[in-house]
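Undergrad: Sending over my_file.cif (mmCIF, C-alpha atoms).
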```
data_target
loop_
_atom_site.label_atom_id
_atom_site.label_comp_id
_atom_site.auth_asym_id
_atom_site.auth_seq_id
_atom_site.Cartn_x
_atom_site.Cartn_y
_atom_site.Cartn_z
CA MET A 1 32.88 2.83 -20.48
CA GLU A 2 36.26 2.10 -18.87
CA ARG A 3 39.38 4.14 -19.54
CA ILE A 4 41.87 2.29 -21.70
CA PRO A 5 44.78 1.07 -19.51
CA GLY A 6 48.43 1.42 -20.47
CA SER A 7 51.42 3.75 -20.30
CA LEU A 8 52.34 6.54 -22.71
CA GLY A 9 55.97 6.38 -21.52
CA TRP A 10 58.32 9.34 -21.68
CA PRO A 11 57.39 12.78 -23.08
CA ILE A 12 57.80 13.02 -26.90
CA VAL A 13 59.38 9.55 -27.39
CA GLY A 14 56.78 7.57 -25.41
CA GLU A 15 57.65 3.85 -25.38
CA SER A 16 59.40 3.96 -28.77
CA PHE A 17 62.82 2.84 -27.49
CA SER A 18 61.59 -0.35 -25.83
CA PHE A 19 59.30 -0.99 -28.83
CA ILE A 20 62.20 -0.67 -31.33
CA SER A 21 64.68 -2.72 -29.25
CA GLU A 22 62.18 -5.57 -28.80
CA PHE A 23 61.11 -5.28 -32.44
CA SER A 24 64.63 -6.45 -33.44
CA SER A 25 64.85 -9.28 -30.89
CA PRO A 26 64.25 -12.91 -31.96
CA ALA A 27 60.75 -12.81 -30.44
CA GLY A 28 59.99 -9.54 -32.25
CA ILE A 29 57.23 -7.44 -30.70
CA PHE A 30 55.76 -10.55 -29.04
CA SER A 31 57.64 -9.76 -25.80
CA PHE A 32 56.61 -6.05 -25.90
CA MET A 33 52.98 -7.09 -26.32
CA TYR A 34 53.06 -10.02 -23.90
CA LYS A 35 54.40 -7.97 -20.97
CA ARG A 36 51.71 -5.32 -21.43
CA GLN A 37 48.91 -7.81 -22.02
CA GLN A 38 49.82 -9.53 -18.74
CA LYS A 39 49.66 -6.16 -16.99
CA TYR A 40 46.74 -4.43 -18.75
CA GLY A 41 44.73 -7.10 -20.63
CA LYS A 42 43.85 -7.55 -24.33
CA VAL A 43 43.44 -3.81 -25.02
CA PHE A 44 46.06 -1.25 -23.96
CA LYS A 45 47.38 2.15 -25.04
CA SER A 46 50.93 3.24 -25.79
CA TYR A 47 52.81 6.00 -27.59
CA VAL A 48 55.22 4.62 -30.21
CA LEU A 49 56.91 6.08 -33.29
CA GLY A 50 55.19 9.45 -32.92
CA ARG A 51 51.69 7.97 -32.60
CA TYR A 52 49.18 7.59 -29.81
CA THR A 53 48.25 3.97 -30.42
CA ILE A 54 45.79 1.41 -29.11
CA PHE A 55 47.03 -2.20 -29.31
CA MET A 56 44.53 -5.04 -29.20
CA THR A 57 44.53 -8.77 -29.77
CA GLY A 58 42.19 -11.77 -29.93
CA ARG A 59 39.70 -13.15 -32.48
CA GLU A 60 37.01 -10.62 -31.55
CA ALA A 61 39.29 -7.63 -32.20
CA SER A 62 40.51 -9.36 -35.36
CA LYS A 63 36.95 -9.73 -36.64
CA ILE A 64 35.96 -6.11 -35.91
CA LEU A 65 39.13 -4.54 -37.37
CA LEU A 66 39.50 -6.76 -40.44
CA THR A 67 35.90 -7.01 -41.65
CA GLY A 68 35.86 -3.19 -41.55
CA LYS A 69 32.06 -3.42 -41.40
CA ASP A 70 30.07 -0.18 -41.48
CA GLY A 71 33.25 1.73 -42.37
CA LEU A 72 34.57 1.51 -38.78
CA VAL A 73 38.26 1.58 -39.75
CA SER A 74 40.56 2.38 -42.65
CA LEU A 75 44.15 1.31 -43.39
CA ASN A 76 46.67 3.37 -41.47
CA LEU A 77 49.99 3.78 -43.29
CA PHE A 78 52.90 5.72 -41.86
CA TYR A 79 53.33 9.21 -43.34
CA THR A 80 56.35 8.11 -45.40
CA GLY A 81 54.41 5.20 -46.91
CA LYS A 82 51.52 7.46 -47.86
CA GLN A 83 53.86 9.93 -49.58
CA VAL A 84 55.80 7.31 -51.53
CA LEU A 85 52.85 5.19 -52.68
CA GLY A 86 50.72 8.08 -53.87
CA PRO A 87 47.12 9.04 -53.07
CA THR A 88 45.34 6.71 -55.51
CA SER A 89 47.08 3.53 -54.29
CA LEU A 90 44.84 0.58 -53.40
CA LEU A 91 46.52 0.73 -49.97
CA GLN A 92 45.12 4.22 -49.36
CA GLN A 93 41.61 3.87 -50.77
CA THR A 94 38.54 3.09 -48.68
CA GLY A 95 34.91 2.12 -49.28
CA GLU A 96 33.66 1.97 -52.87
CA ALA A 97 36.91 3.28 -54.40
CA HIS A 98 38.82 0.46 -52.69
CA LYS A 99 36.31 -2.18 -53.89
CA ARG A 100 36.52 -0.90 -57.44
CA LEU A 101 40.34 -1.01 -57.56
CA ARG A 102 40.40 -4.51 -56.08
CA ARG A 103 37.97 -5.64 -58.76
CA LEU A 104 40.25 -4.30 -61.49
CA ILE A 105 43.33 -6.10 -60.21
CA ALA A 106 41.56 -9.32 -59.16
CA ASP A 107 41.53 -10.94 -62.61
CA PRO A 108 45.28 -11.01 -63.37
CA LEU A 109 45.96 -12.26 -59.82
CA SER A 110 43.38 -15.06 -59.88
CA VAL A 111 44.55 -18.68 -60.17
CA ASP A 112 43.52 -18.77 -63.86
CA GLY A 113 45.08 -15.37 -64.49
CA LEU A 114 48.42 -16.58 -63.12
CA LYS A 115 48.61 -19.67 -65.32
CA LYS A 116 50.29 -17.81 -68.18
CA TYR A 117 53.13 -16.65 -65.89
CA PHE A 118 53.84 -20.16 -64.61
CA PRO A 119 56.45 -21.11 -67.29
CA PHE A 120 58.46 -17.94 -66.55
CA ILE A 121 58.35 -18.57 -62.77
CA ASN A 122 59.32 -22.21 -63.26
CA ASN A 123 62.25 -21.48 -65.61
CA LEU A 124 63.54 -18.68 -63.39
CA ALA A 125 63.54 -20.95 -60.30
CA VAL A 126 65.50 -23.61 -62.21
CA GLU A 127 68.02 -21.06 -63.56
CA MET A 128 68.60 -19.50 -60.15
CA LEU A 129 68.96 -22.83 -58.33
CA ASP A 130 71.45 -24.00 -60.99
CA GLN A 131 73.83 -21.43 -59.48
CA TRP A 132 73.48 -22.68 -55.89
CA SER A 133 75.45 -25.94 -55.98
CA GLY A 134 78.36 -26.13 -53.55
CA ARG A 135 78.49 -22.47 -52.62
CA LYS A 136 77.54 -20.13 -49.81
CA VAL A 137 74.08 -18.65 -50.43
CA LEU A 138 72.35 -15.74 -48.70
CA VAL A 139 68.80 -17.04 -48.91
CA LEU A 140 67.15 -13.66 -48.32
CA GLU A 141 69.10 -12.06 -51.22
CA GLU A 142 68.22 -14.93 -53.57
CA ALA A 143 64.56 -14.90 -52.54
CA SER A 144 64.44 -11.13 -53.08
CA THR A 145 65.96 -11.41 -56.57
CA PHE A 146 63.60 -14.23 -57.52
CA THR A 147 60.48 -12.45 -56.26
CA LEU A 148 61.35 -9.12 -57.86
CA LYS A 149 62.12 -10.70 -61.25
CA VAL A 150 58.81 -12.57 -61.17
CA ILE A 151 56.78 -9.50 -60.32
CA GLY A 152 58.69 -7.29 -62.82
CA ASN A 153 57.91 -9.79 -65.56
CA MET A 154 54.27 -10.15 -64.55
CA ILE A 155 53.63 -6.44 -64.36
CA MET A 156 55.54 -5.13 -67.36
CA SER A 157 57.30 -8.09 -69.04
CA LEU A 158 60.74 -7.09 -67.75
CA GLU A 159 63.45 -9.50 -68.87
CA PRO A 160 65.23 -11.21 -65.95
CA ALA A 161 68.58 -9.67 -66.93
CA GLY A 162 69.81 -6.47 -68.55
CA GLU A 163 70.00 -2.72 -67.96
CA GLU A 164 66.26 -2.17 -67.43
CA GLN A 165 66.13 -4.94 -64.82
CA GLU A 166 69.13 -3.42 -62.97
CA LYS A 167 67.58 0.08 -62.93
CA PHE A 168 64.27 -1.38 -61.80
CA ARG A 169 65.90 -3.32 -58.93
CA ALA A 170 68.12 -0.45 -57.79
CA ASN A 171 65.19 1.98 -57.59
CA PHE A 172 62.95 -0.57 -55.94
CA LYS A 173 65.45 -1.32 -53.15
CA ILE A 174 65.72 2.38 -52.26
CA ILE A 175 61.91 2.74 -52.23
CA SER A 176 61.49 -0.41 -50.14
CA SER A 177 63.97 0.73 -47.47
CA CYS A 178 62.35 4.13 -46.88
CA PHE A 179 58.95 3.03 -45.54
CA ALA A 180 59.76 3.14 -41.85
CA SER A 181 62.13 6.11 -42.13
CA LEU A 182 61.78 9.47 -40.41
CA PRO A 183 59.54 11.80 -42.44
CA PHE A 184 62.17 14.43 -43.33
CA LYS A 185 62.19 15.22 -47.04
CA ILE A 186 65.69 16.74 -47.13
CA PRO A 187 68.66 15.61 -49.27
CA GLY A 188 70.60 12.77 -47.68
CA THR A 189 67.66 11.21 -45.79
CA ALA A 190 66.21 7.77 -46.59
CA PHE A 191 62.80 9.38 -47.19
CA TYR A 192 64.22 11.89 -49.72
CA ARG A 193 66.09 9.11 -51.55
CA GLY A 194 62.90 7.02 -51.56
CA ILE A 195 60.86 9.81 -53.17
CA LYS A 196 63.57 10.37 -55.83
CA ALA A 197 63.73 6.63 -56.61
CA ARG A 198 59.93 6.55 -56.84
CA ASP A 199 60.07 9.41 -59.40
CA ARG A 200 62.65 7.48 -61.46
CA MET A 201 60.48 4.35 -61.28
CA TYR A 202 57.45 6.35 -62.46
CA ALA A 203 59.52 7.68 -65.40
CA MET A 204 60.20 4.04 -66.37
CA PHE A 205 56.47 3.30 -66.16
CA ASP A 206 55.67 6.40 -68.28
CA SER A 207 58.09 5.33 -70.99
CA THR A 208 56.68 1.76 -71.08
CA ILE A 209 53.08 3.05 -71.14
CA ALA A 210 53.93 5.44 -74.01
CA HIS A 211 55.46 2.60 -76.09
CA ARG A 212 52.40 0.42 -75.49
CA ARG A 213 49.96 3.17 -76.44
CA LYS A 214 51.78 3.80 -79.72
CA GLY A 215 51.46 0.10 -80.47
CA GLU A 216 55.25 -0.31 -80.59
CA THR A 217 55.10 -3.28 -78.24
CA PHE A 218 52.33 -5.62 -77.19
CA LYS A 219 52.68 -7.89 -74.19
CA GLN A 220 50.25 -10.05 -72.27
CA ASP A 221 51.01 -8.71 -68.82
CA PHE A 222 49.38 -6.91 -65.93
CA LEU A 223 50.07 -3.45 -67.38
CA GLU A 224 48.49 -4.44 -70.69
CA SER A 225 45.31 -5.65 -68.96
CA LEU A 226 45.04 -2.34 -67.04
CA LEU A 227 45.77 -0.31 -70.20
CA LYS A 228 43.01 -2.19 -72.02
CA LYS A 229 40.58 -1.22 -69.30
CA HIS A 230 41.98 2.29 -69.41
CA SER A 231 41.66 2.84 -73.12
CA LYS A 232 38.51 0.95 -74.08
CA GLU A 233 35.68 2.95 -75.49
CA VAL A 234 33.74 3.71 -72.35
CA SER A 235 30.02 3.42 -72.86
CA GLU A 236 27.41 4.76 -70.49
CA GLY A 237 27.69 3.16 -67.05
CA GLU A 238 31.12 1.60 -67.70
CA ASP A 239 33.12 4.56 -66.47
CA ASP A 240 34.00 2.54 -63.38
CA ASP A 241 36.68 0.63 -65.25
CA LYS A 242 38.63 3.68 -66.37
CA LEU A 243 41.97 4.36 -64.67
CA THR A 244 44.01 7.55 -64.92
CA ASP A 245 47.77 7.32 -65.50
CA ALA A 246 48.35 8.37 -61.88
CA GLN A 247 46.15 5.48 -60.68
CA LEU A 248 47.95 3.08 -63.00
CA LYS A 249 51.39 4.04 -61.62
CA ASP A 250 50.39 4.25 -57.96
CA ASN A 251 48.84 0.80 -58.08
CA ILE A 252 51.61 -0.87 -60.04
CA LEU A 253 54.05 0.40 -57.41
CA SER A 254 51.74 -0.75 -54.60
CA LEU A 255 51.64 -4.27 -56.06
CA LEU A 256 55.43 -4.28 -56.29
CA VAL A 257 55.87 -3.18 -52.70
CA ALA A 258 53.16 -5.43 -51.26
CA GLY A 259 54.23 -8.44 -53.33
CA HIS A 260 57.97 -8.31 -52.88
CA ASP A 261 58.93 -7.96 -49.21
CA THR A 262 56.30 -10.34 -47.84
CA THR A 263 56.97 -13.20 -50.30
CA THR A 264 60.75 -12.75 -49.94
CA ALA A 265 60.46 -13.02 -46.16
CA ALA A 266 58.08 -16.00 -46.31
CA LEU A 267 60.38 -18.00 -48.61
CA THR A 268 63.41 -17.25 -46.41
CA TRP A 269 61.68 -18.21 -43.13
CA LEU A 270 60.28 -21.37 -44.74
CA ILE A 271 63.77 -22.58 -45.75
CA LYS A 272 65.09 -21.72 -42.26
CA PHE A 273 62.24 -23.46 -40.40
CA LEU A 274 62.56 -26.58 -42.56
CA GLU A 275 66.24 -27.04 -41.70
CA GLU A 276 65.37 -26.69 -37.99
CA ASN A 277 62.55 -29.28 -38.27
CA PRO A 278 63.86 -32.45 -40.00
CA VAL A 279 60.56 -34.37 -39.75
CA ALA A 280 58.67 -31.64 -41.66
CA LEU A 281 61.57 -31.34 -44.13
CA GLU A 282 61.54 -35.07 -44.94
CA HIS A 283 57.74 -35.13 -45.30
CA LEU A 284 57.90 -32.16 -47.68
CA ARG A 285 60.83 -33.60 -49.66
CA GLU A 286 58.93 -36.86 -50.10
CA GLU A 287 55.88 -35.00 -51.48
CA HIS A 288 58.05 -33.36 -54.16
CA LEU A 289 60.21 -36.40 -54.97
CA THR A 290 57.01 -38.42 -55.49
CA ILE A 291 55.87 -35.84 -58.04
CA GLN A 292 59.25 -36.09 -59.75
CA ARG A 293 59.22 -39.93 -59.78
CA ASN A 294 55.74 -40.04 -61.31
CA ARG A 295 56.72 -37.74 -64.14
CA GLU A 296 58.03 -38.72 -67.55
CA ASN A 297 61.80 -38.59 -67.61
CA GLY A 298 63.25 -35.14 -68.29
CA SER A 299 59.98 -33.20 -68.16
CA SER A 300 59.60 -30.27 -65.79
CA LEU A 301 57.07 -29.29 -63.14
CA THR A 302 53.54 -28.86 -64.56
CA TRP A 303 50.68 -26.53 -63.66
CA SER A 304 48.48 -29.38 -62.42
CA GLU A 305 51.32 -30.75 -60.22
CA VAL A 306 51.96 -27.39 -58.55
CA ASN A 307 48.25 -27.14 -57.75
CA ASN A 308 48.19 -30.53 -56.01
CA ILE A 309 50.70 -30.29 -53.15
CA PRO A 310 48.65 -30.40 -49.92
CA TYR A 311 51.56 -30.74 -47.49
CA THR A 312 53.40 -27.82 -49.10
CA ASN A 313 50.35 -25.63 -48.49
CA LYS A 314 50.37 -26.62 -44.81
CA VAL A 315 54.11 -25.77 -44.60
CA ILE A 316 53.46 -22.34 -46.13
CA ASN A 317 50.65 -21.63 -43.66
CA GLU A 318 52.67 -22.82 -40.66
CA THR A 319 55.60 -20.65 -41.79
CA LEU A 320 53.32 -17.60 -41.95
CA ARG A 321 51.91 -18.43 -38.52
CA ARG A 322 55.27 -18.94 -36.81
CA ALA A 323 57.11 -16.07 -38.50
CA THR A 324 54.14 -13.66 -38.53
CA ILE A 325 55.86 -11.59 -41.21
CA LEU A 326 53.54 -8.62 -40.61
CA PRO A 327 53.46 -8.57 -36.79
CA TRP A 328 50.58 -6.12 -36.58
CA PHE A 329 47.93 -4.65 -38.85
CA SER A 330 47.46 -0.92 -38.42
CA ARG A 331 44.05 0.69 -38.83
CA LYS A 332 42.63 4.15 -38.20
CA ALA A 333 39.26 4.57 -36.51
CA ALA A 334 36.93 6.18 -39.08
CA GLN A 335 34.29 6.72 -36.38
CA ASP A 336 33.79 6.12 -32.65
CA PHE A 337 33.14 2.48 -31.72
CA ASP A 338 33.25 0.12 -28.70
CA ILE A 339 35.39 -2.97 -28.26
CA ASP A 340 35.77 -5.20 -25.18
CA GLY A 341 34.07 -2.56 -23.03
CA TYR A 342 36.35 0.29 -24.20
CA LYS A 343 35.44 3.29 -26.33
CA ILE A 344 37.69 3.87 -29.35
CA GLN A 345 37.57 7.43 -30.65
CA LYS A 346 37.59 8.57 -34.27
CA ASP A 347 41.07 9.08 -35.82
CA TRP A 348 42.85 6.98 -33.20
CA SER A 349 45.50 4.58 -34.50
CA VAL A 350 44.35 1.02 -33.67
CA ASN A 351 46.81 -1.83 -34.12
CA LEU A 352 45.87 -5.49 -34.20
CA ASP A 353 48.61 -7.57 -32.56
CA VAL A 354 48.80 -10.56 -34.94
CA VAL A 355 51.76 -12.29 -33.22
CA SER A 356 49.71 -13.00 -30.08
CA ILE A 357 46.76 -14.29 -32.14
CA HIS A 358 49.09 -16.68 -34.02
CA HIS A 359 50.58 -17.92 -30.74
CA ASP A 360 47.37 -18.34 -28.77
CA PRO A 361 47.48 -21.87 -27.28
CA GLU A 362 43.68 -22.05 -27.36
CA PHE A 363 43.79 -22.26 -31.17
CA PHE A 364 47.37 -23.44 -31.72
CA PRO A 365 48.46 -25.93 -29.00
CA ASN A 366 52.21 -25.79 -28.29
CA PRO A 367 52.31 -22.57 -30.36
CA HIS A 368 56.10 -22.18 -30.57
CA LYS A 369 56.49 -25.59 -32.24
CA PHE A 370 56.72 -25.68 -36.04
CA ASP A 371 54.02 -28.21 -36.94
CA PRO A 372 52.45 -28.03 -40.43
CA SER A 373 50.02 -30.85 -39.59
CA ARG A 374 48.02 -28.44 -37.40
CA PHE A 375 46.58 -27.12 -40.69
CA SER A 376 45.10 -30.55 -41.50
CA ASP A 377 41.91 -29.53 -39.68
CA PRO A 378 39.84 -26.40 -40.41
CA ILE A 379 41.13 -23.33 -38.55
CA LYS A 380 38.69 -21.09 -36.67
CA PRO A 381 37.91 -17.85 -38.59
CA TYR A 382 40.08 -14.84 -37.65
CA SER A 383 42.64 -16.94 -35.75
CA PHE A 384 45.06 -17.40 -38.71
CA LEU A 385 45.90 -14.16 -40.49
CA GLY A 386 48.86 -15.15 -42.68
CA PHE A 387 47.29 -13.35 -45.64
CA GLY A 388 45.07 -11.04 -43.60
CA SER A 389 41.30 -11.42 -43.73
CA GLY A 390 38.15 -9.57 -44.72
CA PRO A 391 37.89 -6.98 -47.52
CA ARG A 392 41.62 -6.16 -47.32
CA MET A 393 42.81 -9.75 -47.50
CA CYS A 394 46.02 -9.94 -49.55
CA PRO A 395 44.98 -9.88 -53.25
CA GLY A 396 48.31 -11.57 -54.16
CA ILE A 397 47.71 -14.72 -52.09
CA ASN A 398 47.67 -17.00 -55.16
CA LEU A 399 50.82 -15.45 -56.63
CA ALA A 400 52.74 -15.75 -53.34
CA LYS A 401 51.77 -19.42 -52.96
CA LEU A 402 52.68 -20.15 -56.58
CA GLU A 403 56.14 -18.53 -56.35
CA ILE A 404 56.99 -20.29 -53.09
CA SER A 405 55.65 -23.68 -54.25
CA VAL A 406 57.60 -23.64 -57.52
CA PHE A 407 60.85 -22.58 -55.84
CA ILE A 408 60.47 -25.13 -53.02
CA HIS A 409 59.73 -27.96 -55.49
CA HIS A 410 63.05 -27.49 -57.28
CA LEU A 411 64.94 -26.94 -54.02
CA MET A 412 63.53 -30.15 -52.48
CA CYS A 413 64.34 -32.24 -55.56
CA ARG A 414 67.94 -31.04 -55.80
CA TYR A 415 69.54 -29.84 -52.58
CA LYS A 416 70.11 -30.19 -48.89
CA TRP A 417 71.59 -27.31 -46.89
CA LYS A 418 73.13 -26.29 -43.58
CA PRO A 419 73.07 -22.81 -41.99
CA LEU A 420 76.49 -21.17 -41.64
CA GLU A 421 75.54 -19.50 -38.36
CA LYS A 422 72.83 -19.70 -35.73
CA ASP A 423 71.26 -16.29 -35.35
CA ASP A 424 67.57 -15.71 -34.74
CA SER A 425 67.57 -11.89 -34.61
CA VAL A 426 65.42 -10.00 -37.10
CA GLN A 427 65.85 -6.83 -39.14
CA PRO A 428 64.23 -3.71 -37.64
CA THR A 429 61.90 -3.35 -40.64
CA LEU A 430 58.10 -3.44 -40.95
CA VAL A 431 58.25 -6.87 -42.60
CA ARG A 432 60.05 -9.38 -40.36
CA MET A 433 63.16 -10.87 -42.02
CA PRO A 434 66.21 -12.69 -40.59
CA LYS A 435 68.90 -10.10 -39.84
CA ASN A 436 71.78 -12.26 -41.15
CA LYS A 437 69.87 -12.97 -44.42
CA TYR A 438 70.12 -16.68 -43.52
CA PRO A 439 73.49 -17.80 -44.97
CA ILE A 440 73.62 -21.48 -45.94
CA ILE A 441 75.98 -23.92 -47.65
CA VAL A 442 74.28 -26.10 -50.25
CA GLU A 443 75.01 -29.58 -51.60
CA ARG A 444 73.18 -31.90 -53.96
CA VAL A 445 70.79 -34.51 -52.55
#
```
Go ahead and express the file in the form of structure tokens.
TA:
Amino acid sequence: MERIPGSLGWPIVGESFSFISEFSSPAGIFSFMYKRQQKYGKVFKSYVLGRYTIFMTGREASKILLTGKDGLVSLNLFYTGKQVLGPTSLLQQTGEAHKRLRRLIADPLSVDGLKKYFPFINNLAVEMLDQWSGRKVLVLEEASTFTLKVIGNMIMSLEPAGEEQEKFRANFKIISSCFASLPFKIPGTAFYRGIKARDRMYAMFDSTIAHRRKGETFKQDFLESLLKKHSKEVSEGEDDDKLTDAQLKDNILSLLVAGHDTTTAALTWLIKFLEENPVALEHLREEHLTIQRNRENGSSLTWSEVNNIPYTNKVINETLRRATILPWFSRKAAQDFDIDGYKIQKDWSVNLDVVSIHHDPEFFPNPHKFDPSRFSDPIKPYSFLGFGSGPRMCPGINLAKLEISVFIHHLMCRYKWKPLEKDDSVQPTLVRMPKNKYPIIVERV
């Protein structure tokens, strides 16, 4: 077996400084990876953010790390993420426990399960876009508000306005911003504030759960479906479906975190890429105006219409490919294994470089061009990872597509927009988002 090539950089800090500075550049970590791949090949070692890390790319690495076959790897969250999300979170479980939790949350997030939330999502998109006409809009802020209100309503029937919504949003923003912080739990640090906000959020969950159990309120939402599973008379052999309160809260928070930042970023990048690519924009607008023209006057978007928009789906996929919102997937070796002639040792941090996979000209010719039509033909397995792949594929894929499709339909039918500044730099956060929040000026079509 060969030794893994690469540089561990300076003592203590390793290559963290160049990693962080390139992380925030328009190309993101693509340039950090590309330079090292040219020098060392598809597998190399580094020391970043306090971790000895192996970076790897390519379909073969993608297949091995994402199928997780034979328990080779587990998800590898940063320490702060582990502490905030709690030990029973879906994001921290492995093996059978992980399968069981996924099974419990699969139903409400299935296409059929989402149908009952469609009217809320549709009305909210219309209400929010009503406010856009003729003013400056920070797309990232609007996308964040939209996504959080949808997920708050789905999970615990939160109204889109009011004191509870404000508390919910304020706590969530503090939690969301602490994931890549330094792991010092002392007053004043982002990590400490994140833990405190998480405790306040859990108190909100406790209060809602208590009201539901007393029968004071009944809602048809995600929490209710989990409570039903929690409280049903468990007969022999059905114990699998029982969740403790800690599991309930950890997994509701995990769904919030996983479902908010990624969808917010995707919607923002999509609107940005469309303005920069007029041919794709006109093709997409025509798809949605055709739907509108074929509809009876005055009626709104329907469930069957939103499930029959083939070009929109290609635009969503191409956005996720070009933006690569999660630039790498981090795993931890659960046992020794070999890859590309190298030996990976148990407990090593192994990161799959997704940006390079998404920009591999072998699978995506002219990879830096925004071209939704490339998704007209079947894509080779493990070359497009917009929603991940394998047993940890994003369980919220249908929800994300539904939110984006509904919002884009109403945007296409009503507005055109121009960016107020050209700036391609990204925020130095785990989920890639435009640093300037993409400010636009909007006018009616």
Undergrad: Place a sphere of radius 9 Å on (52.7, -32.8, -63.6) in the file coordinates and name every protein, DNA or RNA residue with an atom inside or on its surface, counting only C-alpha atoms; give the answer as number ranges by chain.
TA: A: 291-292, 294-296, 299-306
Undergrad: Pick out the residues sitting within 12 Å of Pro11 in chain A, and hand them over as a ChimeraX atom specification; count only C-alpha atoms, and ignore anything fewer than 2 positions along from it in its own chain.
TA: /A:7-9,13-16,46-48,50,52
Undergrad: Restricting the calculation to only C-alpha atoms: of A:Lys416, A:Arg135, A:Lys196, A:Lys115, which residue gets closest to Leu274 in chain A?
TA: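 Checking each of A:Lys416, A:Arg135, A:Lys196, A:Lys115 against Leu274 in chain A, counting only C-alpha atoms, the winner is A:Lys416.
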Undergrad: What lies within 6 Å of range 357-360 of chain A using all atoms listed in the file, ignoring chain neighbours under 6 positions off, as an mmCIF file with C-alpha atoms, in the coordinates of the input?
TA:
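What follows is the written file around.cif:
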```
data_model
loop_
_atom_site.group_PDB
_atom_site.id
_atom_site.type_symbol
_atom_site.label_atom_id
_atom_site.label_comp_id
_atom_site.auth_asym_id
_atom_site.auth_seq_id
_atom_site.Cartn_x
_atom_site.Cartn_y
_atom_site.Cartn_z
ATOM 1 C CA GLY A 58 42.190 -11.770 -29.930
ATOM 2 C CA ARG A 321 51.910 -18.430 -38.520
ATOM 3 C CA PRO A 367 52.310 -22.570 -30.360
#
```
Undergrad: May I ask for the distance between CA of Ser207 in chain A and CA of Val257 in chain A, given in Å to one decimal place?
TA: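 Between these atoms lies a distance of 20.3 Å.
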Undergrad: What's around Asn307 in chain A at 12 Å? Count all atoms listed in the file, leave out sequence neighbours fewer than 3 positions away in its own chain, and write the answer as a PyMOL selection string.
TA: chain A and resi 111-112+114-115+118+291+301-304+310-313+398+401-403+405-406+409
